[in-house]
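The structure appears below as structure tokens.
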Amino acid sequence: MKRRELLQMAGTGALAAASATVPQVAHAIGRQNVLIIGAGLAGLRAGQILKAKGHLVTILEGRNRFGGRCYTSHKWADLPMDLGATWIHESGKGNPITPIAKALGLRLAADSYDKTTAYEAGDGPLTGADLTYFNTMGDKVRKAMESSGDSNSEMSLMQYTKNKIGYASMDAYDKRLTDYWMREIGGYEYAGDTAELSAWYWDNAKEFPGPEVYLPDTGYEPIVNALAQGQDIRLNQIVSKIAYTGTGVTVTTNVGTYTADRVIVTVPLGVLKKNKISFSPALPSAYSTAISKLGMGTGVLNKVVLRFPSVFWPAKDWLAYVPTSAELGKFHDWFNPSPALNGKAVLIGFTAGFYGQQQEALADWQIVDKAMDVLRDMFGDGIPNPTDYQVTRWDQDPFSYGSYSFFATGSTPAMVKTLTTAVSNRVFFAGEHTHPDYPQTTHGAYLSGERAANQILALKA
């Protein structure tokens with residue numbers, strides 16, 4: 001099942017455990033000094049493997065914390081909250097994150113898009129014939145989008161779907177629903193906008209079996225801590241330059257200069273696209289082309305987490321909201337973790353694509369006001385105000401510049417594979433954007449770190 005199908009409403013001792021999965025790659029080179037740029041899951045996993053094999057590993061992290069886009073907030077002392085990665089996607093057999101969570105004894109809670117209630121701007125909950133029509137339109141749009149594999153790779157998913165579905169001849173209401181479903185099925189899953197997603201490759205990913213699960217008691221933090229245990233992680237080290245020769249690498253940060261035999265670059269694609277790190281000599285053209293054409297940061301997926309004095313919404317996992325055409329991308333989806341939080345009343349709203357990006361310019365209170373406007377439209381003016389909130393701005397984050405990567409128009413899977421190959425056997429890349437099969441996921445990031453580490457272990461000189 002494709003990941004986009006998860007959005008359907010139509011038809012509705014852990015460190016030891018992780019270390020034990022280190023592949024047994026025979027040493028072909030002597031003890032190496034390896035620098036890793038970035039202490040997210042990719043960097044931590046790569047460091048864990050190389051350290052276990054006896055290499056000297058130093059991880060340089062620009063933030064004042066490790067974990068990267070796995071960030072568990074402790075603003076609420078009684079309720080850790082993931083503001084970055086939240087789910088273990090496809091948590092069944094083969095997913096490497098699940099056994100780590102289980103070894104740590106973390107409680108996993110599943111949610112399902114089958115447990116969804118839909119609302120329409122100005123019209124309340126959809127029922128009866130309206131709900132049937134809404135779901136029918138969703139099926140129609142989905143089938144059009146999923147047939148896009150025979151399309152032109154330079155065409156956007158939005159344009160392809162409009163052409164396929166006869167958008168130009170639709171009435172205003174059908175256009176509104178079509179626009180909603182395109183962004184719901186595409187933009188909300190891929191942190192971009194359907195006007196940017198490649199019609200050919202937008203959903204070019206594989207899946208493990210199993211449900212979507214999250215970590216209601218702890219968030220991702222214990223997993224991050226387990227991977228970081230015992231590693232030499234230098235925080236507040238902002239890398240500006242990587243120089244490489246046939247004999248080694250030199251990495252320049254705001255603090256100083258480091259030399260090593262190899263370097264693994266795990267910073268998000270958004271940072272590479274902003275050219276925040278210069279390479280000397282410049283990366284070969286295939287690498288710079290891949291970085292330029294693969295998508296990240298021109299759209300975004302953001303959260304607003306609202307805490308209330310009590311639950312006033314239905315006991316559903318997801319609450320869907322169909323905004324007006326002028327506000328597409330505005331809080332389409334609301335996730336309800338409250339049933340797993342022992343009665344704590346929390347709703348998490350999402351903004352996506354261009355709207356999610358534009359929202360970042362607003363003050364927190366303005367974002368919360370917009371979110372509350374939507375909830376009052378859904379549930380009436382009598383609902384309580386939130387007692388507190390948390391807001392994300394991943395596009396403005398200088399250590400990510402976006403939420404996660406996607407296939408933009410003009411990009412191809414071959415470009416991702418380019419980033420899986422080393423430059424002169426000195427510069428290696430890892431991160432979710434470098435995994436051909438599992439991009440945009442924590443398990444993709446983790447597995448990319450394994451791949452980069454094993455490439456170094458397999459070197460002959």
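By convention in this document, the chains of the structure tokens carry letters A, B, ... by their order, each chain's residues are numbered from 1, and ligands are numbered from 1 in the order they are shown.
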Env of Gly449 of chain A: 9 Å cut, atoms = only C-alpha atoms, seq-sep filter 5 positions within chain, self excluded. Answer as a PyMOL selection string. chain A and resi 41-47+49+264+266+429-431+444+454
For those residues, write N, CA, C and O atoms to a file as a PDB file, in the first residue's frame.
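As a result, out_10.pdb now contains:
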ATOM      1  N   LEU A  41      19.124  11.237  13.314  1.00  0.00           N
ATOM      2  CA  LEU A  41      19.150   9.781  13.330  1.00  0.00           C
ATOM      3  C   LEU A  41      20.184   9.212  12.368  1.00  0.00           C
ATOM      4  O   LEU A  41      20.831   8.201  12.672  1.00  0.00           O
ATOM      5  N   ALA A  42      20.364   9.830  11.208  1.00  0.00           N
ATOM      6  CA  ALA A  42      21.346   9.323  10.244  1.00  0.00           C
ATOM      7  C   ALA A  42      22.752   9.424  10.816  1.00  0.00           C
ATOM      8  O   ALA A  42      23.530   8.460  10.765  1.00  0.00           O
ATOM      9  N   GLY A  43      23.102  10.575  11.346  1.00  0.00           N
ATOM     10  CA  GLY A  43      24.439  10.760  11.892  1.00  0.00           C
ATOM     11  C   GLY A  43      24.697   9.899  13.108  1.00  0.00           C
ATOM     12  O   GLY A  43      25.780   9.313  13.260  1.00  0.00           O
ATOM     13  N   LEU A  44      23.704   9.794  13.985  1.00  0.00           N
ATOM     14  CA  LEU A  44      23.871   8.987  15.189  1.00  0.00           C
ATOM     15  C   LEU A  44      24.039   7.511  14.854  1.00  0.00           C
ATOM     16  O   LEU A  44      24.865   6.812  15.453  1.00  0.00           O
ATOM     17  N   ARG A  45      23.262   7.024  13.906  1.00  0.00           N
ATOM     18  CA  ARG A  45      23.374   5.615  13.527  1.00  0.00           C
ATOM     19  C   ARG A  45      24.718   5.341  12.855  1.00  0.00           C
ATOM     20  O   ARG A  45      25.364   4.313  13.139  1.00  0.00           O
ATOM     21  N   ALA A  46      25.151   6.228  11.972  1.00  0.00           N
ATOM     22  CA  ALA A  46      26.453   6.038  11.329  1.00  0.00           C
ATOM     23  C   ALA A  46      27.563   6.028  12.372  1.00  0.00           C
ATOM     24  O   ALA A  46      28.464   5.174  12.346  1.00  0.00           O
ATOM     25  N   GLY A  47      27.499   6.956  13.312  1.00  0.00           N
ATOM     26  CA  GLY A  47      28.514   7.013  14.350  1.00  0.00           C
ATOM     27  C   GLY A  47      28.509   5.771  15.219  1.00  0.00           C
ATOM     28  O   GLY A  47      29.566   5.258  15.616  1.00  0.00           O
ATOM     29  N   ILE A  49      27.674   2.705  14.416  1.00  0.00           N
ATOM     30  CA  ILE A  49      28.278   1.572  13.706  1.00  0.00           C
ATOM     31  C   ILE A  49      29.795   1.714  13.636  1.00  0.00           C
ATOM     32  O   ILE A  49      30.544   0.773  13.937  1.00  0.00           O
ATOM     33  N   ILE A 264      31.051  12.274   6.866  1.00  0.00           N
ATOM     34  CA  ILE A 264      29.690  11.934   6.465  1.00  0.00           C
ATOM     35  C   ILE A 264      28.824  13.158   6.708  1.00  0.00           C
ATOM     36  O   ILE A 264      28.726  13.641   7.843  1.00  0.00           O
ATOM     37  N   THR A 266      25.308  14.695   6.990  1.00  0.00           N
ATOM     38  CA  THR A 266      23.922  14.256   7.196  1.00  0.00           C
ATOM     39  C   THR A 266      22.963  15.428   7.372  1.00  0.00           C
ATOM     40  O   THR A 266      21.817  15.226   7.770  1.00  0.00           O
ATOM     41  N   PHE A 429      27.353  11.088   1.986  1.00  0.00           N
ATOM     42  CA  PHE A 429      26.102  11.758   2.352  1.00  0.00           C
ATOM     43  C   PHE A 429      25.129  10.757   2.963  1.00  0.00           C
ATOM     44  O   PHE A 429      25.075   9.589   2.571  1.00  0.00           O
ATOM     45  N   ALA A 430      24.371  11.223   3.941  1.00  0.00           N
ATOM     46  CA  ALA A 430      23.306  10.420   4.538  1.00  0.00           C
ATOM     47  C   ALA A 430      22.184  11.359   4.962  1.00  0.00           C
ATOM     48  O   ALA A 430      22.339  12.586   4.957  1.00  0.00           O
ATOM     49  N   GLY A 431      21.060  10.782   5.353  1.00  0.00           N
ATOM     50  CA  GLY A 431      19.868  11.563   5.687  1.00  0.00           C
ATOM     51  C   GLY A 431      18.688  11.026   4.908  1.00  0.00           C
ATOM     52  O   GLY A 431      18.856  10.319   3.901  1.00  0.00           O
ATOM     53  N   GLY A 444      14.072   5.800   7.181  1.00  0.00           N
ATOM     54  CA  GLY A 444      14.911   6.097   6.031  1.00  0.00           C
ATOM     55  C   GLY A 444      16.198   6.791   6.444  1.00  0.00           C
ATOM     56  O   GLY A 444      17.285   6.481   5.941  1.00  0.00           O
ATOM     57  N   ASN A 454      28.667   1.723   6.397  1.00  0.00           N
ATOM     58  CA  ASN A 454      29.131   0.488   5.758  1.00  0.00           C
ATOM     59  C   ASN A 454      29.955   0.761   4.507  1.00  0.00           C
ATOM     60  O   ASN A 454      30.833  -0.034   4.145  1.00  0.00           O
TER      61      ASN A 454
END
DSSP on the backbone, then: every residue of segment 247-457 of chain A marked helix (DSSP H, G or I), written as a short mmCIF file (atom, residue, chain, number, x, y, z; two decimals) with C-alpha atoms, in the first residue's frame.
data_model
loop_
_atom_site.label_atom_id
_atom_site.label_comp_id
_atom_site.auth_asym_id
_atom_site.auth_seq_id
_atom_site.Cartn_x
_atom_site.Cartn_y
_atom_site.Cartn_z
CA LEU A 269 18.59 18.72 2.05
CA GLY A 270 17.25 22.21 2.82
CA VAL A 271 20.61 23.21 4.31
CA LEU A 272 22.47 21.90 1.27
CA LYS A 273 20.08 23.73 -1.06
CA SER A 285 27.88 18.52 -11.18
CA ALA A 286 25.74 15.40 -10.66
CA TYR A 287 25.67 16.13 -6.92
CA SER A 288 24.94 19.83 -7.25
CA THR A 289 22.19 19.06 -9.78
CA ALA A 290 20.59 16.55 -7.43
CA ILE A 291 20.70 18.98 -4.53
CA SER A 292 19.23 21.73 -6.68
CA LYS A 293 16.41 19.73 -8.25
CA SER A 325 -10.60 27.67 -1.80
CA ALA A 326 -8.70 30.76 -0.69
CA GLU A 327 -7.35 28.96 2.39
CA SER A 338 -5.96 12.57 23.67
CA PRO A 339 -7.26 8.99 23.99
CA ALA A 340 -3.66 7.84 24.48
CA GLY A 353 2.57 23.58 1.39
CA PHE A 354 2.70 27.26 0.51
CA TYR A 355 0.16 28.12 3.21
CA GLY A 356 2.24 26.42 5.87
CA GLN A 357 5.27 28.34 4.69
CA GLN A 358 3.49 31.71 4.64
CA GLN A 359 2.12 31.11 8.11
CA ASP A 364 2.41 32.64 17.54
CA TRP A 365 -0.80 34.21 18.78
CA GLN A 366 -1.90 34.94 15.21
CA ILE A 367 -1.32 31.31 14.21
CA VAL A 368 -3.27 30.12 17.24
CA ASP A 369 -6.10 32.54 16.40
CA LYS A 370 -6.32 31.13 12.88
CA ALA A 371 -6.35 27.61 14.27
CA MET A 372 -9.10 28.53 16.72
CA ASP A 373 -11.14 30.12 13.91
CA VAL A 374 -11.12 26.72 12.22
CA LEU A 375 -12.05 24.83 15.38
CA ARG A 376 -14.91 27.25 16.12
CA ASP A 377 -16.17 26.74 12.59
CA MET A 378 -16.06 23.00 13.22
CA PHE A 379 -17.45 22.90 16.78
CA PRO A 413 15.19 8.79 -8.25
CA ALA A 414 18.56 8.67 -10.00
CA MET A 415 19.40 11.95 -8.29
CA VAL A 416 18.81 10.37 -4.89
CA LYS A 417 21.07 7.48 -5.85
CA THR A 418 23.77 9.98 -6.79
CA GLU A 432 16.29 10.81 4.70
CA HIS A 433 16.80 12.63 1.39
CA THR A 434 19.48 10.09 0.42
CA THR A 442 12.90 8.30 10.46
CA HIS A 443 13.64 4.76 9.35
CA GLY A 444 14.91 6.10 6.03
CA ALA A 445 17.28 8.44 7.86
CA TYR A 446 18.45 5.66 10.18
CA LEU A 447 19.06 3.23 7.32
CA SER A 448 20.92 5.88 5.31
CA GLY A 449 23.32 6.26 8.23
CA GLU A 450 23.90 2.51 8.16
CA ARG A 451 24.61 2.64 4.44
CA ALA A 452 27.16 5.47 4.75
CA ALA A 453 28.94 3.77 7.64
CA ASN A 454 29.13 0.49 5.76
CA GLN A 455 30.52 2.24 2.69
CA ILE A 456 33.42 3.44 4.80
CA LEU A 457 33.90 0.01 6.37
#
Excluding Glu61 of chain A and residues on its chain fewer than 6 positions from it, collect all residues at most 9 Å away from it, counting only C-alpha atoms, and give them as a PyMOL selection string. chain A and resi 36-40+68+233-239
Could you state the separation of atom CA of Asp395 of chain A and atom CA of Gly295 of chain A in Å, given to one decimal place? 12.7 Å
Using DSSP secondary structure from the backbone, list all strand (DSSP E or B) positions within segment 117-293 of chain A, as a short mmCIF file (atom, residue, chain, number, x, y, z; two decimals) with C-alpha atoms, in the first residue's frame.
data_model
loop_
_atom_site.label_atom_id
_atom_site.label_comp_id
_atom_site.auth_asym_id
_atom_site.auth_seq_id
_atom_site.Cartn_x
_atom_site.Cartn_y
_atom_site.Cartn_z
CA THR A 117 -14.75 12.79 10.94
CA ALA A 118 -14.92 15.40 8.17
CA TYR A 119 -16.11 19.02 8.44
CA GLU A 120 -16.67 21.66 5.80
CA GLY A 124 -20.32 21.69 10.10
CA PRO A 125 -19.80 17.92 9.98
CA SER A 156 3.54 18.95 -11.58
CA LEU A 197 5.43 17.67 -6.64
CA SER A 198 6.57 15.66 -9.63
CA VAL A 213 2.32 4.27 15.60
CA TYR A 214 3.45 7.10 17.85
CA ILE A 233 28.96 14.77 20.02
CA ARG A 234 30.11 18.40 19.83
CA VAL A 239 29.86 23.90 9.74
CA SER A 240 30.65 26.37 6.97
CA LYS A 241 33.21 24.56 4.79
CA ILE A 242 34.31 21.05 3.91
CA ALA A 243 37.60 20.71 2.03
CA TYR A 244 38.67 17.32 0.76
CA VAL A 249 39.16 16.17 4.85
CA THR A 250 39.16 19.45 6.71
CA VAL A 251 35.95 20.77 8.23
CA THR A 252 35.60 24.39 9.30
CA THR A 253 33.06 25.41 11.94
CA THR A 257 38.85 23.42 12.30
CA TYR A 258 38.76 19.62 12.35
CA THR A 259 40.72 17.18 10.20
CA ALA A 260 39.87 13.56 9.49
CA ARG A 262 36.47 10.85 5.93
CA VAL A 263 33.36 12.91 6.52
CA ILE A 264 29.69 11.93 6.46
CA VAL A 265 27.38 14.87 5.74
CA SER A 278 30.75 25.17 0.84
CA PHE A 279 32.77 22.33 -0.61
CA SER A 280 36.34 22.61 -1.86
#
Would you mind listing what lies within 9 Å of Cys70 of chain A as a list of chain:residue names, with only C-alpha atoms counted and same-chain residues fewer than 2 positions away left out? A:Gly40, A:Leu41, A:Phe66, A:Gly67, A:Gly68, A:Thr72, A:Asp82, A:Leu83, A:Gly84, A:Ala85, A:Thr86, A:Gly219, A:Tyr220, A:Glu221, A:Val224, A:Thr442
Give me the residues near segment 157-160 of chain A as a ChimeraX atom specification, where near means some atom within 12 Å (using only C-alpha atoms) and where sequence neighbours in that chain fewer than 4 positions away do not count. /A:141-153,164-168,178-187,190,192-203,407-410
Mind dumping the selected residues with C-alpha atoms as an mmCIF file, in the first residue's frame?
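Written output follows (selection20.cif):
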data_model
loop_
_atom_site.group_PDB
_atom_site.id
_atom_site.type_symbol
_atom_site.label_atom_id
_atom_site.label_comp_id
_atom_site.auth_asym_id
_atom_site.auth_seq_id
_atom_site.Cartn_x
_atom_site.Cartn_y
_atom_site.Cartn_z
ATOM 1 C CA VAL A 141 -9.013 12.572 -7.388
ATOM 2 C CA ARG A 142 -6.975 9.779 -5.839
ATOM 3 C CA LYS A 143 -7.361 7.537 -8.867
ATOM 4 C CA ALA A 144 -6.291 10.390 -11.122
ATOM 5 C CA MET A 145 -3.236 11.140 -8.977
ATOM 6 C CA GLU A 146 -2.226 7.508 -8.744
ATOM 7 C CA SER A 147 -2.305 7.112 -12.515
ATOM 8 C CA SER A 148 0.350 9.787 -12.879
ATOM 9 C CA GLY A 149 3.235 7.354 -13.383
ATOM 10 C CA ASP A 150 2.811 7.640 -17.148
ATOM 11 C CA SER A 151 3.115 11.411 -17.013
ATOM 12 C CA ASN A 152 5.832 13.832 -18.059
ATOM 13 C CA SER A 153 8.450 14.125 -15.300
ATOM 14 C CA LYS A 164 -6.835 14.121 -15.998
ATOM 15 C CA ILE A 165 -9.952 14.981 -14.031
ATOM 16 C CA GLY A 166 -11.390 17.669 -16.315
ATOM 17 C CA TYR A 167 -10.902 20.438 -13.778
ATOM 18 C CA ALA A 168 -11.523 23.313 -16.202
ATOM 19 C CA THR A 178 -10.622 18.701 -5.986
ATOM 20 C CA ASP A 179 -8.170 21.290 -4.694
ATOM 21 C CA TYR A 180 -8.715 20.026 -1.161
ATOM 22 C CA TRP A 181 -8.094 16.388 -2.053
ATOM 23 C CA MET A 182 -5.022 17.128 -4.149
ATOM 24 C CA ARG A 183 -3.409 18.878 -1.221
ATOM 25 C CA GLU A 184 -4.684 16.347 1.281
ATOM 26 C CA ILE A 185 -3.370 13.321 -0.609
ATOM 27 C CA GLY A 186 -0.214 15.007 -1.901
ATOM 28 C CA GLY A 187 0.864 18.138 -0.072
ATOM 29 C CA TYR A 190 5.010 15.326 1.353
ATOM 30 C CA GLY A 192 5.507 20.440 -0.362
ATOM 31 C CA ASP A 193 2.664 21.573 -2.559
ATOM 32 C CA THR A 194 1.012 19.656 -5.379
ATOM 33 C CA ALA A 195 2.071 22.517 -7.654
ATOM 34 C CA GLU A 196 5.671 21.440 -6.951
ATOM 35 C CA LEU A 197 5.432 17.670 -6.636
ATOM 36 C CA SER A 198 6.574 15.662 -9.632
ATOM 37 C CA ALA A 199 3.628 13.977 -11.339
ATOM 38 C CA TRP A 200 5.871 11.073 -12.259
ATOM 39 C CA TYR A 201 7.821 10.414 -9.062
ATOM 40 C CA TRP A 202 5.858 12.080 -6.267
ATOM 41 C CA ASP A 203 5.141 8.783 -4.470
ATOM 42 C CA PHE A 407 10.386 14.707 -5.511
ATOM 43 C CA ALA A 408 9.919 18.097 -7.129
ATOM 44 C CA THR A 409 9.161 18.521 -10.829
ATOM 45 C CA GLY A 410 12.261 17.746 -12.841
#
Let me make sure I understand: among A:Pro222, A:Pro384, A:Gly299, A:Gly30, which one has the smallest atom-to-atom distance to Tyr71 of chain A if we use only C-alpha atoms?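 Of all the options, A:Pro222 lies closest to Tyr71 of chain A.
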